Amino acid sequence: MRTISQRELRNDNAAIIRAVEEGESFTVTRRGVPVARLMPIPDSDLRRVRSAAPENDVTALPRVAASRPMTDHLDDLRGDR
C-alpha cells in the first residue's frame, strides 16, 4: 500500500483514481499522520450499486391538483396562521 499526502491526492486525483481502478491501494496522510485509506471496491460490493428500476420511475405518476396553494400548506406547517 502506497502512502500519499492529502495534497498529492488533490493535485493528482485523476492518476490516483486510475491506479485504484487498476487495483492499487493508498494510505492518505495529513501532515504525516494517516487519515484515510483509498482502495478498490470489491466486485461483490459493486453489485449493490445500480440504477433505479424503470417500474419505480416517479416521473410517470399522474400529477395531482392541490386544493389550496402550497404557500398555505407551508404556513400551516410553520404555524404562521
# chains A, B, ... in the order shown; residues from 1 in each chain; ligands from 1
>>> select_by_dssp(residues="chain A", states="alpha helix (DSSP H)", output="MDAnalysis selection string")
chainID A and resid 6:11 13:21 43:46 70:78
>>> select_by_dssp(residues="chain A", states="strand (DSSP E)", output="ChimeraX atom specification")
/A:2-5,26-30,33-38
>>> residues_around(residues="Gly23 (chain A)", least_positions_apart="2", cutoff="10 Å", atoms="only C-alpha atoms", output="ChimeraX atom specification")
/A:17-21,25,39-42
>>> closest_residue(among="A:Glu22, A:Leu9, A:Asp57, A:Ala14", to="Ala36 (chain A)", atoms="only C-alpha atoms")
A:Leu9
>>> residues_around(residues="Gly32 (chain A)", least_positions_apart="3", cutoff="10 Å", atoms="only C-alpha atoms", output="VMD selection string")
chain A and resid 3 to 6 28 to 29 35
>>> residues_around(residues="Arg2 (chain A)", least_positions_apart="3", cutoff="10 Å", atoms="only C-alpha atoms", output="PyMOL selection string")
chain A and resi 24-28+37-38
